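coords36.cif (mmCIF, C-alpha atoms)
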data_coords
loop_
_atom_site.group_PDB
_atom_site.id
_atom_site.type_symbol
_atom_site.label_atom_id
_atom_site.label_comp_id
_atom_site.auth_asym_id
_atom_site.auth_seq_id
_atom_site.Cartn_x
_atom_site.Cartn_y
_atom_site.Cartn_z
ATOM 1 C CA MET A 1 116.293 75.796 79.010
ATOM 2 C CA LEU A 2 113.317 77.781 80.268
ATOM 3 C CA SER A 3 110.891 76.093 82.628
ATOM 4 C CA GLU A 4 107.138 75.959 81.972
ATOM 5 C CA GLN A 5 106.726 78.703 84.580
ATOM 6 C CA GLU A 6 109.325 80.957 82.947
ATOM 7 C CA ILE A 7 107.673 80.430 79.533
ATOM 8 C CA LYS A 8 104.291 81.411 81.014
ATOM 9 C CA GLU A 9 105.833 84.574 82.426
ATOM 10 C CA LEU A 10 107.531 85.577 79.154
ATOM 11 C CA ALA A 11 104.684 84.685 76.763
ATOM 12 C CA PRO A 12 102.644 87.897 77.366
ATOM 13 C CA GLU A 13 105.654 89.913 76.100
ATOM 14 C CA ILE A 14 105.075 88.477 72.604
ATOM 15 C CA PRO A 15 101.279 87.960 72.410
ATOM 16 C CA SER A 16 101.145 87.217 68.668
ATOM 17 C CA TRP A 17 103.367 84.147 69.078
ATOM 18 C CA ILE A 18 102.272 80.660 70.094
ATOM 19 C CA VAL A 19 104.356 78.057 71.895
ATOM 20 C CA HIS A 20 104.119 74.865 69.857
ATOM 21 C CA GLU A 21 105.706 71.567 70.841
ATOM 22 C CA GLU A 22 106.827 69.273 68.022
ATOM 23 C CA GLU A 23 108.794 66.071 68.551
ATOM 24 C CA GLY A 24 109.331 67.091 72.164
ATOM 25 C CA ILE A 25 110.831 70.467 71.226
ATOM 26 C CA LYS A 26 109.004 73.678 72.132
ATOM 27 C CA ARG A 27 109.126 76.465 69.532
ATOM 28 C CA LEU A 28 107.843 80.017 69.267
ATOM 29 C CA ILE A 29 105.804 80.370 66.077
ATOM 30 C CA CYS A 30 104.177 83.369 64.415
ATOM 31 C CA SER A 31 102.693 83.883 60.943
ATOM 32 C CA PHE A 32 102.955 87.340 59.413
ATOM 33 C CA ALA A 33 100.498 88.249 56.633
ATOM 34 C CA PHE A 34 101.397 90.289 53.549
ATOM 35 C CA SER A 35 99.360 91.592 50.627
ATOM 36 C CA SER A 36 102.076 90.975 48.052
ATOM 37 C CA TYR A 37 104.750 88.367 47.395
ATOM 38 C CA GLU A 38 107.380 91.111 47.192
ATOM 39 C CA ASP A 39 106.544 92.152 50.758
ATOM 40 C CA SER A 40 106.765 88.517 51.920
ATOM 41 C CA VAL A 41 110.193 88.156 50.298
ATOM 42 C CA ASN A 42 111.436 91.454 51.758
ATOM 43 C CA PHE A 43 110.345 90.441 55.251
ATOM 44 C CA THR A 44 112.039 87.039 54.843
ATOM 45 C CA ASN A 45 115.288 88.844 54.020
ATOM 46 C CA LYS A 46 114.935 91.138 57.032
ATOM 47 C CA VAL A 47 114.466 88.160 59.342
ATOM 48 C CA ALA A 48 117.440 86.413 57.668
ATOM 49 C CA LYS A 49 119.563 89.518 58.331
ATOM 50 C CA LEU A 50 118.470 89.495 61.978
ATOM 51 C CA ALA A 51 119.402 85.799 62.124
ATOM 52 C CA GLU A 52 122.941 86.583 60.971
ATOM 53 C CA GLU A 53 123.246 89.486 63.414
ATOM 54 C CA GLU A 54 122.071 87.263 66.274
ATOM 55 C CA ASP A 55 123.993 84.197 65.040
ATOM 56 C CA HIS A 56 120.716 82.385 65.709
ATOM 57 C CA HIS A 57 118.740 81.026 62.794
ATOM 58 C CA PRO A 58 114.981 80.454 62.875
ATOM 59 C CA GLU A 59 112.964 78.381 60.459
ATOM 60 C CA ILE A 60 111.349 80.763 57.954
ATOM 61 C CA VAL A 61 108.498 79.522 55.771
ATOM 62 C CA LEU A 62 107.897 81.806 52.799
ATOM 63 C CA GLU A 63 104.571 81.488 50.991
ATOM 64 C CA TRP A 64 102.572 83.818 48.764
ATOM 65 C CA GLY A 65 100.705 85.803 51.366
ATOM 66 C CA ASN A 66 102.567 85.037 54.532
ATOM 67 C CA VAL A 67 105.829 84.298 56.270
ATOM 68 C CA THR A 68 105.905 81.940 59.253
ATOM 69 C CA VAL A 69 108.850 82.272 61.629
ATOM 70 C CA SER A 70 109.799 79.660 64.263
ATOM 71 C CA TRP A 71 112.426 80.324 66.888
ATOM 72 C CA TRP A 72 113.911 77.658 69.151
ATOM 73 C CA SER A 73 117.347 76.713 70.410
ATOM 74 C CA HIS A 74 118.693 73.654 68.606
ATOM 75 C CA LYS A 75 121.445 72.961 71.150
ATOM 76 C CA ILE A 76 119.142 72.759 74.148
ATOM 77 C CA LYS A 77 116.238 71.351 72.088
ATOM 78 C CA GLY A 78 113.875 73.878 73.561
ATOM 79 C CA LEU A 79 113.303 77.515 74.413
ATOM 80 C CA HIS A 80 115.917 79.898 75.783
ATOM 81 C CA LYS A 81 115.250 83.469 76.841
ATOM 82 C CA ASN A 82 117.088 84.520 73.679
ATOM 83 C CA ASP A 83 114.300 82.986 71.564
ATOM 84 C CA PHE A 84 111.799 85.360 73.171
ATOM 85 C CA ILE A 85 114.167 88.279 72.486
ATOM 86 C CA CYS A 86 114.502 87.230 68.826
ATOM 87 C CA ALA A 87 110.710 86.823 68.525
ATOM 88 C CA SER A 88 110.262 90.350 69.883
ATOM 89 C CA LYS A 89 112.876 91.691 67.422
ATOM 90 C CA THR A 90 110.986 89.907 64.607
ATOM 91 C CA ASP A 91 107.796 91.735 65.692
ATOM 92 C CA ASN A 92 109.716 95.017 65.523
ATOM 93 C CA LEU A 93 110.871 94.258 61.959
ATOM 94 C CA PHE A 94 107.246 93.637 61.004
ATOM 95 C CA LYS A 95 106.039 96.867 62.645
ATOM 96 C CA LYS A 96 108.760 98.911 60.907
ATOM 97 C CA GLN A 97 107.497 98.085 57.416
ATOM 98 C CA MET B 1 95.375 67.575 37.499
ATOM 99 C CA LEU B 2 97.887 64.880 36.600
ATOM 100 C CA SER B 3 96.875 61.232 37.016
ATOM 101 C CA GLU B 4 98.956 58.747 39.039
ATOM 102 C CA GLN B 5 100.213 57.337 35.756
ATOM 103 C CA GLU B 6 101.271 60.752 34.433
ATOM 104 C CA ILE B 7 103.055 61.513 37.722
ATOM 105 C CA LYS B 8 104.942 58.206 37.456
ATOM 106 C CA GLU B 9 106.016 59.086 33.945
ATOM 107 C CA LEU B 10 107.205 62.589 34.840
ATOM 108 C CA ALA B 11 108.940 61.739 38.153
ATOM 109 C CA PRO B 12 112.184 60.400 36.548
ATOM 110 C CA GLU B 13 112.709 63.855 34.983
ATOM 111 C CA ILE B 14 113.291 65.300 38.463
ATOM 112 C CA PRO B 15 114.897 62.426 40.424
ATOM 113 C CA SER B 16 115.888 64.511 43.463
ATOM 114 C CA TRP B 17 112.249 65.396 44.200
ATOM 115 C CA ILE B 18 109.750 63.294 46.101
ATOM 116 C CA VAL B 19 105.983 63.282 45.673
ATOM 117 C CA HIS B 20 104.482 63.772 49.120
ATOM 118 C CA GLU B 21 100.768 63.765 49.870
ATOM 119 C CA GLU B 22 99.578 65.942 52.749
ATOM 120 C CA GLU B 23 95.926 66.522 53.585
ATOM 121 C CA GLY B 24 94.994 64.877 50.306
ATOM 122 C CA ILE B 25 97.169 67.224 48.239
ATOM 123 C CA LYS B 26 100.195 65.876 46.365
ATOM 124 C CA ARG B 27 103.281 68.085 46.342
ATOM 125 C CA LEU B 28 106.759 67.933 44.836
ATOM 126 C CA ILE B 29 109.336 68.413 47.603
ATOM 127 C CA CYS B 30 113.112 68.749 47.526
ATOM 128 C CA SER B 31 115.650 69.878 50.135
ATOM 129 C CA PHE B 32 118.762 71.660 48.908
ATOM 130 C CA ALA B 33 121.815 71.689 51.211
ATOM 131 C CA PHE B 34 124.143 74.651 51.671
ATOM 132 C CA SER B 35 127.322 75.144 53.657
ATOM 133 C CA SER B 36 126.503 78.712 54.688
ATOM 134 C CA TYR B 37 123.428 80.672 55.657
ATOM 135 C CA GLU B 38 124.262 83.308 53.058
ATOM 136 C CA ASP B 39 124.051 80.642 50.335
ATOM 137 C CA SER B 40 120.708 79.427 51.727
ATOM 138 C CA VAL B 41 119.340 82.978 51.673
ATOM 139 C CA ASN B 42 120.634 83.632 48.146
ATOM 140 C CA PHE B 43 119.022 80.441 46.856
ATOM 141 C CA THR B 44 115.730 81.381 48.556
ATOM 142 C CA ASN B 45 115.789 84.692 46.690
ATOM 143 C CA LYS B 46 116.511 82.978 43.376
ATOM 144 C CA VAL B 47 113.547 80.626 43.860
ATOM 145 C CA ALA B 48 111.384 83.611 44.877
ATOM 146 C CA LYS B 49 112.413 85.399 41.664
ATOM 147 C CA LEU B 50 111.499 82.297 39.651
ATOM 148 C CA ALA B 51 108.137 82.228 41.465
ATOM 149 C CA GLU B 52 107.411 85.785 40.343
ATOM 150 C CA GLU B 53 108.480 85.042 36.753
ATOM 151 C CA GLU B 54 106.237 81.971 36.678
ATOM 152 C CA ASP B 55 103.439 83.618 38.650
ATOM 153 C CA HIS B 56 103.435 80.371 40.618
ATOM 154 C CA HIS B 57 104.569 80.425 44.226
ATOM 155 C CA PRO B 58 106.019 77.421 46.041
ATOM 156 C CA GLU B 59 106.428 76.998 49.755
ATOM 157 C CA ILE B 60 110.052 77.760 50.620
ATOM 158 C CA VAL B 61 111.431 76.708 54.007
ATOM 159 C CA LEU B 62 114.669 78.519 54.844
ATOM 160 C CA GLU B 63 116.843 77.041 57.598
ATOM 161 C CA TRP B 64 120.526 77.335 58.436
ATOM 162 C CA GLY B 65 121.947 74.646 56.194
ATOM 163 C CA ASN B 66 119.142 73.941 53.787
ATOM 164 C CA VAL B 67 116.228 75.235 51.785
ATOM 165 C CA THR B 68 113.200 73.010 51.201
ATOM 166 C CA VAL B 69 111.007 73.846 48.223
ATOM 167 C CA SER B 70 107.486 72.461 47.671
ATOM 168 C CA TRP B 71 105.597 72.959 44.430
ATOM 169 C CA TRP B 72 101.922 72.193 43.950
ATOM 170 C CA SER B 73 98.953 73.856 42.318
ATOM 171 C CA HIS B 74 96.651 75.429 44.881
ATOM 172 C CA LYS B 75 93.708 75.840 42.508
ATOM 173 C CA ILE B 76 93.533 72.170 41.507
ATOM 174 C CA LYS B 77 94.743 70.959 44.948
ATOM 175 C CA GLY B 78 97.302 68.725 43.338
ATOM 176 C CA LEU B 79 100.023 68.450 40.734
ATOM 177 C CA HIS B 80 99.959 70.036 37.298
ATOM 178 C CA LYS B 81 102.612 69.528 34.627
ATOM 179 C CA ASN B 82 103.733 73.086 35.378
ATOM 180 C CA ASP B 83 104.825 71.981 38.875
ATOM 181 C CA PHE B 84 107.274 69.526 37.312
ATOM 182 C CA ILE B 85 108.567 72.275 35.026
ATOM 183 C CA CYS B 86 109.040 74.608 38.008
ATOM 184 C CA ALA B 87 110.797 71.832 39.976
ATOM 185 C CA SER B 88 113.174 71.299 37.059
ATOM 186 C CA LYS B 89 113.844 75.049 36.849
ATOM 187 C CA THR B 90 114.566 75.034 40.606
ATOM 188 C CA ASP B 91 117.146 72.271 40.017
ATOM 189 C CA ASN B 92 118.746 74.448 37.340
ATOM 190 C CA LEU B 93 118.997 77.400 39.739
ATOM 191 C CA PHE B 94 120.747 75.114 42.234
ATOM 192 C CA LYS B 95 123.186 73.789 39.603
ATOM 193 C CA LYS B 96 124.030 77.305 38.422
ATOM 194 C CA GLN B 97 125.421 78.380 41.785
#

Can you dump the structure from the file as structure tokens?
Amino acid sequence: MLSEQEIKELAPEIPSWIVHEEEGIKRLICSFAFSSYEDSVNFTNKVAKLAEEEDHHPEIVLEWGNVTVSWWSHKIKGLHKNDFICASKTDNLFKKQ
Amino acid sequence: MLSEQEIKELAPEIPSWIVHEEEGIKRLICSFAFSSYEDSVNFTNKVAKLAEEEDHHPEIVLEWGNVTVSWWSHKIKGLHKNDFICASKTDNLFKKQ
């Protein structure tokens, strides 16, 4: 599990994400905005595909105009470096659209 | 908006759903369990298709082993009869799998 210091060092790599602690578990969270539901659904499927490729599954909240993605590592109940990598890959999927 | 009494009368039609109030807004919520991520993703897409057909968009939370769907009516900040209809249609999509 990453230390507070390590999290502080990695955070600037993914500036659109926040670190949010819930029930003692830190998560990386980012909301992506879309102008149509179709775009929201397509992005959800892209993130789901990434999840399968990474064998690491975020929480994805699909709503009309936005998709909120949360990455954390269930096993360690916190943040691993891999969560930052997956967050960065999620940003890339968003930029590619 | 449905009254408390009307909600009580409609609730038995969709027994797997709970009525949950958050920030003063009542919602119908149900979690559907799946044994694979692929099944979770497929169900998410079916609910998203229903949302487009109904022009009514729930919150869909996609996780590894389950999909949580919440229906409520944004405009009236509460529950409309249509939310119960959409919840029932969501149940049907789950049964059809």

For this file, the PyMOL selection byres ((chain B) within 12 of (chain A)) selects which residues, as a ChimeraX atom specification?
/B:36-53,55-72,74

Enumerate, as number ranges by chain, the residues matched when the PyMOL selection byres ((chain B and resi 8-20) around 12) is run on the file above.
B: 2-7, 21-32, 68-72, 78-92, 94

Å distance separating CA of Ile76 in chain B from CA of Glu54 in chain B, one decimal place:
16.8 Å

Set up a box along x, y and z of the file covering all listed atoms of range 29-36 of chain B, add 8 Å on every one of the six sides, and write the centre and edge lengths in Å to one decimal, as lines of an AutoDock Vina configuration file.
center_x = 118.3
center_y = 73.6
center_z = 51.1
size_x = 34.0
size_y = 26.3
size_z = 23.2

Between CA of Lys77 in chain B and CA of Ala33 in chain B - distance in Å to one decimal
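It comes out at 27.8 Å.
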